[in-house]
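Undergrad: Pasting query_4.cif below, which is mmCIF, C-alpha atoms and all ligand atoms.
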```cif
data_my_file
#
loop_
_atom_site.label_atom_id
_atom_site.label_comp_id
_atom_site.auth_asym_id
_atom_site.auth_seq_id
_atom_site.Cartn_x
_atom_site.Cartn_y
_atom_site.Cartn_z
CA MET Q 1 -8.94 37.66 42.56
CA SER Q 2 -12.51 36.49 41.91
CA ILE Q 3 -11.76 35.13 38.45
CA SER Q 4 -10.74 31.49 38.00
CA GLN Q 5 -7.07 30.70 37.56
CA LEU Q 6 -7.83 28.71 34.43
CA ALA Q 7 -9.83 31.51 32.78
CA ARG Q 8 -7.13 34.01 33.68
CA SER Q 9 -4.47 31.81 32.13
CA ILE Q 10 -6.17 31.78 28.69
CA GLU Q 11 -4.34 34.02 26.24
CA GLU Q 12 -6.06 36.72 24.23
CA SER Q 13 -6.58 35.73 20.57
CA PRO Q 14 -3.64 37.52 18.88
CA THR Q 15 -5.33 37.64 15.49
CA LEU Q 16 -8.52 39.18 16.85
CA ARG Q 17 -6.44 41.64 18.91
CA LEU Q 18 -4.56 42.68 15.77
CA ASN Q 19 -7.86 43.12 13.88
CA GLU Q 20 -8.99 45.44 16.64
CA GLU Q 21 -5.70 47.36 16.69
CA ALA Q 22 -5.88 47.83 12.91
CA ARG Q 23 -9.50 48.97 13.15
CA GLN Q 24 -8.67 51.54 15.81
CA LEU Q 25 -5.68 52.87 13.88
CA ARG Q 26 -7.83 53.22 10.75
CA GLU Q 27 -10.50 54.99 12.76
CA ARG Q 28 -7.85 57.52 13.76
CA GLY Q 29 -7.13 58.09 10.07
CA GLN Q 30 -3.94 56.00 9.90
CA PRO Q 31 -3.43 54.32 6.49
CA VAL Q 32 -2.96 50.83 7.91
CA ILE Q 33 -2.49 47.82 5.60
CA HIS Q 34 -3.82 44.64 7.14
CA LEU Q 35 -1.74 41.62 6.12
CA GLY Q 36 -2.92 39.78 9.21
CA ILE Q 37 -6.46 39.24 8.10
CA GLY Q 38 -8.11 35.78 7.99
CA GLU Q 39 -11.07 36.56 5.77
CA PRO Q 40 -11.55 37.50 2.13
CA LYS Q 41 -13.09 40.75 0.88
CA ASN Q 42 -16.02 39.12 -0.97
CA LYS Q 43 -19.70 39.71 -0.34
CA ALA Q 44 -21.64 36.70 0.96
CA PRO Q 45 -23.26 34.47 -1.72
CA ILE Q 46 -26.60 35.87 -2.84
CA THR Q 47 -28.29 32.55 -2.06
CA ALA Q 48 -27.10 32.87 1.56
CA ILE Q 49 -28.49 36.40 1.77
CA LEU Q 50 -31.83 35.48 0.19
CA SER Q 51 -32.28 32.42 2.35
CA SER Q 52 -31.51 34.24 5.62
CA SER Q 53 -33.61 37.29 4.60
CA ALA Q 54 -36.57 35.03 3.85
CA LYS Q 55 -36.23 33.48 7.29
CA LEU Q 56 -35.88 36.89 8.91
CA THR Q 57 -38.86 38.45 7.13
CA SER Q 58 -41.05 35.47 8.02
CA GLY Q 59 -40.74 36.72 11.60
CA ASP Q 60 -41.01 33.10 12.70
CA ILE Q 61 -37.59 32.74 14.24
CA LYS Q 62 -37.50 30.17 17.00
CA TYR Q 63 -35.09 27.63 18.44
CA THR Q 64 -34.00 24.92 16.06
CA PRO Q 65 -32.97 21.45 17.25
CA SER Q 66 -29.72 21.80 19.23
CA ASP Q 67 -27.73 19.92 16.61
CA GLY Q 68 -28.98 22.15 13.80
CA LEU Q 69 -31.80 22.72 11.30
CA PRO Q 70 -32.71 19.40 9.61
CA SER Q 71 -32.72 21.14 6.20
CA LEU Q 72 -29.19 22.48 6.79
CA LYS Q 73 -28.03 19.04 7.87
CA LYS Q 74 -29.48 17.67 4.65
CA ALA Q 75 -27.37 20.19 2.72
CA ILE Q 76 -24.29 19.10 4.73
CA VAL Q 77 -25.00 15.44 3.89
CA LYS Q 78 -24.98 16.44 0.20
CA TYR Q 79 -21.81 18.54 0.61
CA THR Q 80 -20.07 15.59 2.29
CA GLU Q 81 -21.07 13.26 -0.50
CA GLU Q 82 -19.87 15.71 -3.17
CA HIS Q 83 -16.61 16.81 -1.59
CA TYR Q 84 -15.59 13.76 0.43
CA ASN Q 85 -17.35 11.00 -1.48
CA LYS Q 86 -18.64 9.88 1.91
CA LEU Q 87 -22.15 8.97 2.92
CA VAL Q 88 -23.12 10.28 6.33
CA ALA Q 89 -26.48 10.41 8.09
CA PRO Q 90 -27.97 13.53 9.72
CA GLU Q 91 -27.18 11.82 13.06
CA ASN Q 92 -23.48 12.06 12.21
CA ILE Q 93 -23.66 15.87 12.00
CA ILE Q 94 -23.81 18.70 14.51
CA VAL Q 95 -24.09 22.31 13.36
CA THR Q 96 -22.12 24.76 15.53
CA THR Q 97 -21.47 28.49 15.79
CA GLY Q 98 -18.36 28.30 13.62
CA ALA Q 99 -15.50 25.83 13.25
CA LYS Q 100 -13.86 27.32 16.33
CA GLN Q 101 -16.75 26.23 18.51
CA SER Q 102 -16.77 22.88 16.70
CA ILE Q 103 -13.22 22.31 17.88
CA TYR Q 104 -13.97 23.45 21.41
CA SER Q 105 -17.01 21.15 21.60
CA ILE Q 106 -15.07 18.16 20.30
CA ILE Q 107 -12.20 18.71 22.73
CA PHE Q 108 -14.63 19.27 25.62
CA SER Q 109 -16.48 16.08 24.71
CA ILE Q 110 -13.52 13.73 24.31
CA LEU Q 111 -10.88 14.91 26.78
CA ASN Q 112 -10.46 14.04 30.47
CA PRO Q 113 -8.25 16.32 32.57
CA GLN Q 114 -4.53 15.83 31.89
CA GLU Q 115 -5.14 13.95 28.65
CA GLU Q 116 -3.06 15.06 25.70
CA VAL Q 117 -3.76 16.33 22.20
CA ILE Q 118 -0.97 16.41 19.63
CA LEU Q 119 -0.59 19.59 17.58
CA LEU Q 120 1.58 19.90 14.53
CA THR Q 121 3.72 23.05 14.45
CA PRO Q 122 2.99 25.51 12.95
CA TYR Q 123 -0.49 25.14 14.42
CA TRP Q 124 -3.55 27.38 14.47
CA VAL Q 125 -3.35 29.78 17.44
CA SER Q 126 -6.56 28.68 19.13
CA TYR Q 127 -5.81 24.94 19.47
CA PRO Q 128 -3.51 25.09 22.52
CA GLU Q 129 -5.80 27.47 24.38
CA ILE Q 130 -8.91 25.38 23.64
CA ILE Q 131 -7.14 22.27 24.95
CA ARG Q 132 -5.98 24.09 28.07
CA MET Q 133 -9.55 25.37 28.65
CA VAL Q 134 -10.66 21.83 29.43
CA ASN Q 135 -7.58 21.04 31.52
CA GLY Q 136 -5.98 19.06 28.71
CA ILE Q 137 -2.35 19.24 27.63
CA PRO Q 138 -1.25 20.31 24.13
CA ILE Q 139 1.79 18.36 22.93
CA LEU Q 140 3.67 20.11 20.13
CA VAL Q 141 5.40 18.26 17.31
CA THR Q 142 7.74 20.53 15.34
CA PRO Q 143 9.36 19.58 12.01
CA GLU Q 144 13.08 20.28 12.24
CA ASP Q 145 13.74 20.66 8.51
CA GLY Q 146 11.96 24.00 8.00
CA SER Q 147 9.51 22.38 5.55
CA PHE Q 148 6.40 22.91 7.73
CA HIS Q 149 5.45 19.32 6.89
CA PRO Q 150 5.08 17.02 9.90
CA ARG Q 151 6.95 13.70 9.98
CA MET Q 152 5.19 10.56 11.06
CA GLU Q 153 8.15 9.36 13.17
CA ASP Q 154 8.05 12.58 15.26
CA ILE Q 155 4.33 12.08 15.86
CA VAL Q 156 4.78 8.44 16.86
CA GLU Q 157 7.46 9.52 19.34
CA ALA Q 158 5.17 12.18 20.86
CA VAL Q 159 2.27 9.76 21.45
CA SER Q 160 1.83 8.51 25.03
CA SER Q 161 -0.80 6.56 26.94
CA TYR Q 162 -2.44 9.96 27.62
CA THR Q 163 -2.82 10.87 23.93
CA LYS Q 164 -6.49 11.25 23.07
CA ALA Q 165 -6.35 13.03 19.74
CA ILE Q 166 -4.23 14.56 17.00
CA ILE Q 167 -5.38 17.70 15.21
CA VAL Q 168 -4.48 17.96 11.54
CA ASN Q 169 -5.17 21.16 9.64
CA SER Q 170 -4.43 20.82 5.92
CA PRO Q 171 -4.26 23.18 4.06
CA ASN Q 172 -2.54 24.63 7.06
CA ASN Q 173 -3.04 27.95 8.77
CA PRO Q 174 -0.45 29.58 8.97
CA SER Q 175 1.94 27.91 6.49
CA GLY Q 176 -0.42 27.28 3.55
CA VAL Q 177 1.00 23.75 3.22
CA VAL Q 178 -1.20 20.86 2.07
CA TYR Q 179 0.00 17.65 3.71
CA THR Q 180 0.82 14.81 1.35
CA LYS Q 181 -1.46 11.91 0.55
CA GLU Q 182 1.12 9.53 1.98
CA PHE Q 183 1.18 11.40 5.29
CA ILE Q 184 -2.62 11.57 5.60
CA GLY Q 185 -2.82 7.86 4.76
CA GLU Q 186 -0.20 7.00 7.40
CA ILE Q 187 -1.74 9.12 10.12
CA VAL Q 188 -5.22 7.69 9.49
CA GLU Q 189 -3.85 4.16 9.75
CA PHE Q 190 -1.88 5.01 12.89
CA CYS Q 191 -4.84 6.67 14.66
CA GLU Q 192 -7.25 3.87 13.79
CA LYS Q 193 -4.76 1.26 15.03
CA LYS Q 194 -4.06 3.12 18.27
CA GLY Q 195 -7.65 4.23 18.90
CA ILE Q 196 -6.64 7.91 18.86
CA TYR Q 197 -9.09 10.48 17.45
CA LEU Q 198 -7.89 12.21 14.30
CA ILE Q 199 -9.49 15.65 14.19
CA MET Q 200 -9.30 16.96 10.62
CA ASP Q 201 -9.77 20.72 10.60
CA ASP Q 202 -10.81 21.03 6.95
CA ILE Q 203 -11.93 24.66 7.08
CA TYR Q 204 -9.65 25.60 4.11
CA HIS Q 205 -10.07 22.36 2.12
CA GLN Q 206 -11.61 24.10 -0.92
CA LEU Q 207 -9.04 26.87 -1.05
CA VAL Q 208 -6.18 25.01 -2.72
CA PHE Q 209 -4.10 26.26 -5.67
CA ASP Q 210 -2.59 25.07 -8.95
CA GLY Q 211 -4.91 22.11 -9.48
CA LYS Q 212 -3.82 20.48 -6.22
CA SER Q 213 -6.28 19.11 -3.69
CA ALA Q 214 -6.19 18.38 0.01
CA PRO Q 215 -6.45 14.60 0.45
CA PRO Q 216 -9.49 13.89 2.64
CA ALA Q 217 -8.78 11.53 5.57
CA TYR Q 218 -11.92 9.47 4.85
CA GLN Q 219 -10.26 8.26 1.66
CA PHE Q 220 -7.82 6.21 3.75
CA THR Q 221 -10.10 4.40 6.18
CA LYS Q 222 -11.86 1.11 5.67
CA ASN Q 223 -14.06 1.82 8.67
CA ASP Q 224 -17.49 3.33 8.31
CA ILE Q 225 -18.49 6.63 9.91
CA GLU Q 226 -19.58 4.84 13.12
CA THR Q 227 -16.30 3.05 13.73
CA THR Q 228 -13.68 5.38 12.26
CA ARG Q 229 -11.61 7.57 14.62
CA ILE Q 230 -11.77 10.42 12.08
CA ILE Q 231 -13.68 13.53 13.08
CA VAL Q 232 -14.10 16.22 10.42
CA VAL Q 233 -14.57 19.94 11.09
CA ASN Q 234 -15.77 22.29 8.39
CA GLY Q 235 -17.90 25.40 7.90
CA VAL Q 236 -18.88 28.28 5.67
CA SER Q 237 -16.42 30.85 7.07
CA LYS Q 238 -13.57 30.45 4.62
CA SER Q 239 -14.78 28.68 1.44
CA TYR Q 240 -17.76 31.03 1.13
CA GLY Q 241 -16.09 33.99 2.87
CA MET Q 242 -18.93 33.98 5.42
CA THR Q 243 -16.84 34.53 8.55
CA GLY Q 244 -19.39 36.74 10.29
CA PHE Q 245 -22.22 34.22 9.94
CA ARG Q 246 -20.55 31.92 12.46
CA ILE Q 247 -21.72 28.56 11.16
CA GLY Q 248 -19.57 25.42 11.22
CA TRP Q 249 -20.20 21.71 11.62
CA VAL Q 250 -18.71 18.44 12.76
CA LEU Q 251 -18.94 14.97 11.22
CA ALA Q 252 -18.41 12.09 13.64
CA ASN Q 253 -19.92 8.87 14.96
CA ARG Q 254 -23.46 9.11 16.37
CA LYS Q 255 -22.41 8.61 19.97
CA LEU Q 256 -19.99 11.54 19.93
CA ILE Q 257 -22.52 13.73 18.09
CA GLU Q 258 -25.14 12.83 20.71
CA VAL Q 259 -22.79 13.84 23.54
CA MET Q 260 -21.77 17.04 21.74
CA THR Q 261 -25.46 17.84 21.20
CA ASN Q 262 -26.17 17.52 24.94
CA VAL Q 263 -23.21 19.79 25.65
CA GLN Q 264 -24.30 22.32 23.01
CA ALA Q 265 -27.91 22.28 24.28
CA GLN Q 266 -26.70 23.28 27.74
CA ILE Q 267 -24.50 26.10 26.45
CA ILE Q 268 -26.15 27.76 23.45
CA SER Q 269 -29.40 25.79 22.88
CA CYS Q 270 -28.74 25.98 19.14
CA PRO Q 271 -26.83 28.06 16.58
CA ALA Q 272 -28.73 31.20 15.50
CA THR Q 273 -31.66 30.19 13.27
CA VAL Q 274 -31.29 32.99 10.68
CA LEU Q 275 -27.59 32.24 10.26
CA GLN Q 276 -28.24 28.54 9.81
CA ALA Q 277 -30.65 29.52 7.04
CA ALA Q 278 -27.83 31.56 5.46
CA ALA Q 279 -25.46 28.57 5.55
CA GLU Q 280 -28.15 26.41 3.99
CA GLY Q 281 -28.56 28.98 1.20
CA ALA Q 282 -24.80 28.96 0.57
CA LEU Q 283 -24.56 25.17 0.47
CA ASN Q 284 -27.58 24.80 -1.80
CA GLY Q 285 -26.61 27.70 -4.09
CA LEU Q 286 -24.31 27.81 -7.11
CA GLN Q 287 -20.99 26.32 -6.07
CA SER Q 288 -19.10 28.29 -8.74
CA PHE Q 289 -19.02 30.93 -6.00
CA ILE Q 290 -16.26 28.98 -4.25
CA GLU Q 291 -14.25 28.62 -7.45
CA ASN Q 292 -14.41 32.36 -8.11
CA LEU Q 293 -13.18 33.09 -4.60
CA ARG Q 294 -10.49 30.43 -4.91
CA LEU Q 295 -9.23 31.94 -8.18
CA THR Q 296 -8.98 35.40 -6.63
CA ILE Q 297 -7.04 34.06 -3.66
CA GLU Q 298 -4.79 31.94 -5.90
CA ASN Q 299 -3.94 35.04 -7.93
CA ASN Q 300 -3.28 37.00 -4.73
CA ALA Q 301 -0.96 34.23 -3.51
CA LYS Q 302 1.07 34.53 -6.74
CA VAL Q 303 1.34 38.30 -6.30
CA MET Q 304 2.49 37.82 -2.71
CA MET Q 305 5.16 35.33 -3.80
CA GLN Q 306 6.43 37.69 -6.52
CA GLU Q 307 6.70 40.53 -4.03
CA LEU Q 308 8.46 38.41 -1.42
CA GLN Q 309 10.95 37.00 -3.92
CA THR Q 310 12.53 40.43 -4.22
CA PHE Q 311 12.69 40.91 -0.44
CA ASN Q 312 16.33 40.64 0.60
CA GLY Q 313 16.99 37.98 3.22
CA ILE Q 314 13.46 36.54 3.31
CA ARG Q 315 12.86 32.87 2.65
CA VAL Q 316 9.38 31.66 1.86
CA ASN Q 317 7.72 28.38 0.85
CA GLU Q 318 5.05 28.84 -1.79
CA PRO Q 319 1.67 28.09 -0.17
CA ASP Q 320 -0.49 25.28 -1.58
CA GLY Q 321 -3.68 26.85 -0.23
CA THR Q 322 -5.42 28.99 2.48
CA PHE Q 323 -5.06 32.78 2.76
CA TYR Q 324 -1.57 32.69 4.25
CA CYS Q 325 2.13 32.16 3.88
CA LEU Q 326 4.76 32.05 6.59
CA PRO Q 327 8.03 33.69 5.47
CA ASP Q 328 11.20 33.28 7.50
CA PHE Q 329 12.29 36.71 8.77
CA ARG Q 330 15.17 35.48 10.94
CA ALA Q 331 17.59 37.44 8.74
CA TYR Q 332 16.04 40.52 10.37
CA SER Q 333 14.98 39.26 13.80
CA ASN Q 334 14.43 36.07 15.77
CA ASP Q 335 11.78 37.84 17.83
CA SER Q 336 8.63 37.82 15.70
CA VAL Q 337 6.51 39.62 18.30
CA SER Q 338 8.86 42.64 18.36
CA LEU Q 339 9.30 42.53 14.59
CA SER Q 340 5.55 42.51 14.02
CA SER Q 341 4.98 45.43 16.37
CA PHE Q 342 7.91 47.31 14.78
CA LEU Q 343 6.29 46.89 11.34
CA LEU Q 344 2.95 48.11 12.63
CA LYS Q 345 4.50 51.14 14.30
CA LYS Q 346 6.96 52.16 11.60
CA ALA Q 347 5.30 50.99 8.37
CA LEU Q 348 1.65 50.71 9.43
CA VAL Q 349 1.48 47.10 8.24
CA VAL Q 350 -0.26 44.41 10.30
CA THR Q 351 1.44 40.99 10.34
CA VAL Q 352 0.97 38.11 12.76
CA PRO Q 353 4.04 36.94 14.72
CA GLY Q 354 5.03 33.34 13.96
CA LYS Q 355 5.49 32.80 17.69
CA GLU Q 356 1.69 32.63 18.03
CA PHE Q 357 1.76 29.54 15.78
CA GLY Q 358 4.73 27.97 17.55
CA LEU Q 359 7.46 29.26 15.17
CA ASP Q 360 9.33 32.35 16.27
CA GLY Q 361 11.34 34.27 13.66
CA TYR Q 362 8.54 33.91 11.09
CA LEU Q 363 5.65 36.24 10.23
CA ARG Q 364 2.29 35.09 8.92
CA LEU Q 365 1.26 37.23 5.96
CA SER Q 366 -2.25 37.07 4.57
CA TYR Q 367 -3.14 37.57 0.91
CA ALA Q 368 -6.90 37.54 1.55
CA GLY Q 369 -7.10 41.32 0.97
CA THR Q 370 -6.62 43.18 -2.31
CA VAL Q 371 -3.65 43.01 -4.69
CA LYS Q 372 -2.96 46.63 -3.74
CA ASP Q 373 -2.81 45.67 -0.05
CA ILE Q 374 -0.28 42.98 -0.87
CA THR Q 375 2.01 45.04 -3.12
CA GLU Q 376 1.92 48.14 -0.93
CA GLY Q 377 2.14 46.18 2.31
CA VAL Q 378 5.22 44.25 1.23
CA ALA Q 379 6.79 47.42 -0.25
CA ARG Q 380 6.39 49.15 3.11
CA MET Q 381 7.87 46.19 4.96
CA LYS Q 382 10.88 46.17 2.62
CA TRP Q 383 11.30 49.86 3.13
CA ALA Q 384 11.22 49.51 6.92
CA LEU Q 385 13.58 46.54 7.10
CA ASP Q 386 15.97 46.70 4.15
CA PRO Q 387 18.87 49.10 4.90
CA ASN Q 388 19.35 49.65 1.16
CA SER Q 389 15.91 51.20 0.71
CA PRO Q 390 15.43 54.99 0.46
CA ARG Q 391 15.40 56.99 3.69
CA GLU Q 392 11.94 58.40 3.06
CA ILE Q 393 8.65 57.22 1.59
CA PHE Q 394 5.28 58.84 1.14
CA ILE Q 395 2.07 57.16 2.21
CA GLY Q 396 -0.59 59.38 0.71
CA ASP Q 397 0.63 62.82 1.68
CA ARG Q 398 2.38 61.53 4.78
CA LYS Q 399 6.15 61.36 4.75
CA LEU Q 400 7.73 58.48 6.69
CA ILE Q 401 11.44 58.76 7.51
CA ARG Q 402 13.55 55.72 8.25
CA ASP Q 403 15.59 56.91 11.21
CA TRP Q 404 16.31 53.54 12.80
CA LEU Q 405 18.79 51.74 10.53
C1 LIG Y 1 -7.43 26.54 11.03
C2 LIG Y 1 -8.69 27.20 11.43
N1 LIG Y 1 -9.65 26.47 12.00
C3 LIG Y 1 -10.80 27.02 12.40
C4 LIG Y 1 -11.04 28.37 12.23
C5 LIG Y 1 -12.31 28.97 12.73
O1 LIG Y 1 -13.27 29.10 11.77
P1 LIG Y 1 -14.69 29.75 12.12
O2 LIG Y 1 -14.63 31.17 11.70
O3 LIG Y 1 -15.67 28.94 11.33
O4 LIG Y 1 -14.91 29.60 13.59
C6 LIG Y 1 -10.06 29.18 11.64
C7 LIG Y 1 -10.28 30.63 11.49
O5 LIG Y 1 -9.38 31.41 11.29
C8 LIG Y 1 -8.86 28.57 11.21
O6 LIG Y 1 -7.90 29.29 10.63
#
```
Could you render the structure from this file as structure tokens?
TA:
Amino acid sequence: MSISQLARSIEESPTLRLNEEARQLRERGQPVIHLGIGEPKNKAPITAILSSSAKLTSGDIKYTPSDGLPSLKKAIVKYTEEHYNKLVAPENIIVTTGAKQSIYSIIFSILNPQEEVILLTPYWVSYPEIIRMVNGIPILVTPEDGSFHPRMEDIVEAVSSYTKAIIVNSPNNPSGVVYTKEFIGEIVEFCEKKGIYLIMDDIYHQLVFDGKSAPPAYQFTKNDIETTRIIVVNGVSKSYGMTGFRIGWVLANRKLIEVMTNVQAQIISCPATVLQAAAEGALNGLQSFIENLRLTIENNAKVMMQELQTFNGIRVNEPDGTFYCLPDFRAYSNDSVSLSSFLLKKALVVTVPGKEFGLDGYLRLSYAGTVKDITEGVARMKWALDPNSPREIFIGDRKLIRDWL
């Protein structure tokens, strides 16, 4: 085979595959409900549209510096001051083509072959594959108490002389959990003492509910941006619902940013100029946009919880933030991959198997869609799984018959 062993070993992104499957089913006229989706339904902020259109209509669209447009970096400096109460210089920032590429670039730039990165289960699907792409080793730390909250003692036990970094994603995809202040404080202290990088994937940090907030790691370090081991990843995909614009960024010490810039220059030259202009427009525009989106998602999360509470056998922790929750479906099946494909086939509902996030027996359900998607989607799942539900339901004018239980 003329394809590298490493490339062949990389798994397909299950969430993107499910998006594609849902799209194809819809194209064939099937009334699919997508509870797997990782993006909200909103339109991009008008300031993002105006700023990118102005750039586009100028016709003067050339390379930008590899680490990003200086004016966008200026907006990121301001964002960091406002949301993290942290002063960073433009030299501490690299703009990337989305938070996903941010994480790949960081891992590529810090890891030697066979070095380890600790992931906290449930973890975002792409982390293990990204680590394996650079011949690193993902080490999984799984909480045993079903709380989805990592314990410091388990992390300490998992650290070895090969540990280069720990990735923390809070609010967490897929569980929706925000890690406690105490935990973030402890992990910052531990990483700084041990010289381990702490990669904070903060992509959902603005999407937190009920007046809570996600404690920023910077709050717990006495070191400045040049000496801290904290690396922060963020972007416009989730807070502004600008997933298709593909703009993210990294905050880190100058040396690491310099190395990442050399790497980025050799791979993509720079993120797309027009899309950087869009991100700049979003960051410089009215920030009430984020609050409006957050309120919609918070309301959707409540609807999802109400619907799941009347689902026999399901146990679910109320999410603190993100677009997701991770109910326990082990009362119905321990095999989340089969369960998810059963629900797609029989009830036309897309869910993401917990196995992809390191927890089999769970399904990740998204509430980023409409309230109707949530209520109808959960109703269909109940119908398909609960033996007490009626034998038949109608979806539009289509009759579905439960002939399997
Ligand atoms: C935890 C987490 N990190 C990073 C990303 C990637 O974000 P982006 O679309 O900016 O690449 C996602 C997207 O789903 C995510 O859930």
Undergrad: Determine the nearest neighbour of Q:Phe311 from the options Q:Gln264, Q:Gln219, Q:Ser336, Q:Ser389, counting all atoms listed in the file.
TA: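 So, comparing all the options, the nearest one is Q:Ser389.
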Undergrad: With the cut-off set at 8 Å and counting only C-alpha atoms, tabulate each residue of stretch 85-181 of chain Q with an atom at most that distance from an atom of stretch 10-22 of chain Q, showing the nearest atom pair and its distance in Å to one decimal, ordered by chain and increasing number, as a Markdown table.
TA:
```
| residue | atom | partner | partner_atom | distance |
| --- | --- | --- | --- | --- |
| Q:Val125 | CA | Q:Ser13 | CA | 7.5 |
| Q:Ser126 | CA | Q:Ser13 | CA | 7.2 |
| Q:Glu129 | CA | Q:Ile10 | CA | 6.1 |
| Q:Arg132 | CA | Q:Ile10 | CA | 7.7 |
| Q:Met133 | CA | Q:Ile10 | CA | 7.2 |
```
Undergrad: Could you dump the residues just selected with C-alpha atoms as a PDB file, in the frame of the given file?
TA:
```pdb
ATOM      1  CA  VAL Q 125      -3.350  29.780  17.440  1.00  0.00           C
ATOM      2  CA  SER Q 126      -6.560  28.680  19.130  1.00  0.00           C
ATOM      3  CA  GLU Q 129      -5.800  27.470  24.380  1.00  0.00           C
ATOM      4  CA  ARG Q 132      -5.980  24.090  28.070  1.00  0.00           C
ATOM      5  CA  MET Q 133      -9.550  25.370  28.650  1.00  0.00           C
TER       6      MET Q 133
END
```
Undergrad: Find the residues near stretch 59-68 of chain Q: any atom within 6 Å, counting all atoms listed in the file, skip ones fewer than 4 places away on the same chain, and give them as a PyMOL selection string.
TA: chain Q and resi 94-95+261+265+269-270
Undergrad: So how far away is atom CA of Q:Leu256 from atom CA of Q:Leu69, in Å?
TA: 18.4 Å
Undergrad: Please list, as a list in words, the residues that have an atom at most 12 Å away from (12.3, 22.7, 8.2) in the coordinates of this file, counting all atoms listed in the file.
TA: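 Here the neighbourhood of the point contains Thr121, Pro122, Thr142, Pro143, Glu144, Asp145, Gly146, Ser147, Phe148, His149, Pro150, Arg151, Ser175, Arg315, Val316, Asn317, Asp328 and Leu359 of chain Q.
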Undergrad: Name all residues at most 10 Å from Q:Leu286 (count only C-alpha atoms; drop same-chain ones fewer than 6 positions away) and give them as a ChimeraX atom specification.
TA: /Q:45-47
Undergrad: Residues at most 9 Å from stretch 349-353 of chain Q, counting all atoms listed in the file, excluding those fewer than 3 positions away in the same chain, as a ChimeraX atom specification?
TA: /Q:14-15,18-19,21-22,31-37,335-341,343-346,356-357,359-366,377-378,380-381
Undergrad: Which one is closest to Q:Leu251: Q:Ile118, Q:Ile93, Q:Ala301, Q:Ile268? Count all atoms listed in the file.
TA: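 The shortest atom-to-atom distance to Q:Leu251 comes from Q:Ile93.
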Undergrad: Return as a tab-separated table the residues of chain Q lying at most 9 Å from ligand LIG 1 (chain Y), together with the closest atom-to-atom pair for each and the distance in Å to one decimal, counting only C-alpha atoms and all ligand atoms, with rows in chain order and ascending residue number.
TA:
```
residue	atom	partner	partner_atom	distance
Q:Thr15	CA	Y:LIG1	O5	8.5
Q:Ile37	CA	Y:LIG1	O5	8.9
Q:Gly38	CA	Y:LIG1	O5	5.6
Q:Glu39	CA	Y:LIG1	O5	7.7
Q:Thr96	CA	Y:LIG1	O3	8.8
Q:Thr97	CA	Y:LIG1	O4	7.0
Q:Gly98	CA	Y:LIG1	O3	3.6
Q:Ala99	CA	Y:LIG1	O3	3.7
Q:Lys100	CA	Y:LIG1	O4	3.7
Q:Gln101	CA	Y:LIG1	O4	6.2
Q:Ser102	CA	Y:LIG1	O4	7.6
Q:Ile103	CA	Y:LIG1	C3	7.6
Q:Tyr123	CA	Y:LIG1	C1	7.8
Q:Trp124	CA	Y:LIG1	C1	5.3
Q:Val125	CA	Y:LIG1	O6	8.2
Q:Ser126	CA	Y:LIG1	N1	8.1
Q:Tyr127	CA	Y:LIG1	N1	8.5
Q:Asn169	CA	Y:LIG1	C1	6.0
Q:Ser170	CA	Y:LIG1	C1	8.2
Q:Pro171	CA	Y:LIG1	C1	8.4
Q:Asn172	CA	Y:LIG1	C1	6.6
Q:Asn173	CA	Y:LIG1	C1	5.1
Q:Pro174	CA	Y:LIG1	O6	7.6
Q:Asp201	CA	Y:LIG1	N1	5.9
Q:Asp202	CA	Y:LIG1	N1	7.5
Q:Ile203	CA	Y:LIG1	N1	5.7
Q:Tyr204	CA	Y:LIG1	C1	7.3
Q:Val233	CA	Y:LIG1	C3	8.1
Q:Asn234	CA	Y:LIG1	O3	7.3
Q:Gly235	CA	Y:LIG1	O3	5.4
Q:Val236	CA	Y:LIG1	O3	6.5
Q:Ser237	CA	Y:LIG1	O3	4.7
Q:Lys238	CA	Y:LIG1	O3	7.2
Q:Met242	CA	Y:LIG1	O2	8.1
Q:Thr243	CA	Y:LIG1	O2	5.1
Q:Gly244	CA	Y:LIG1	O2	7.5
Q:Phe245	CA	Y:LIG1	O2	8.4
Q:Arg246	CA	Y:LIG1	O3	5.8
Q:Ile247	CA	Y:LIG1	O3	6.1
Q:Gly248	CA	Y:LIG1	O3	5.3
Q:Trp249	CA	Y:LIG1	O3	8.5
Q:Thr322	CA	Y:LIG1	O6	8.5
```
Undergrad: If you count only C-alpha atoms, which residues fall within 6 Å of stretch 106-115 of chain Q, apart from same-chain ones fewer than 3 positions away, as a list in words?
TA: Ile103, Asn135, Gly136, Ile137 and Tyr162 of chain Q
Undergrad: Would you mind exporting the chosen residues as a JSON list (two decimals), keeping the file's coordinate frame, restricted to C-alpha atoms?
TA:
```
[["chain", "number", "residue", "atom", "x", "y", "z"],
["Q", 103, "ILE", "CA", -13.22, 22.31, 17.88],
["Q", 135, "ASN", "CA", -7.58, 21.04, 31.52],
["Q", 136, "GLY", "CA", -5.98, 19.06, 28.71],
["Q", 137, "ILE", "CA", -2.35, 19.24, 27.63],
["Q", 162, "TYR", "CA", -2.44, 9.96, 27.62]]
```
Undergrad: Which residue is closest to Q:Phe209? Choose from Q:Val178, Q:Ile395, Q:Ile166, Q:Ala282 and count all atoms listed in the file.
TA: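 Looking at the shortest contact to Q:Phe209, the residue is Q:Val178.
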Undergrad: Given only C-alpha atoms as the basis, pick out the residue of Q:Glu291, Q:Glu82, Q:Glu280, Q:Asp224 nearest to Q:Asn253.
TA: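 Closest candidate: Q:Asp224.
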Undergrad: How far is it from atom CA of Q:Ala379 to atom CA of Q:Asp320, in Å with one decimal?
TA: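 Between atom CA of Q:Ala379 and atom CA of Q:Asp320 the gap works out to 23.3 Å.
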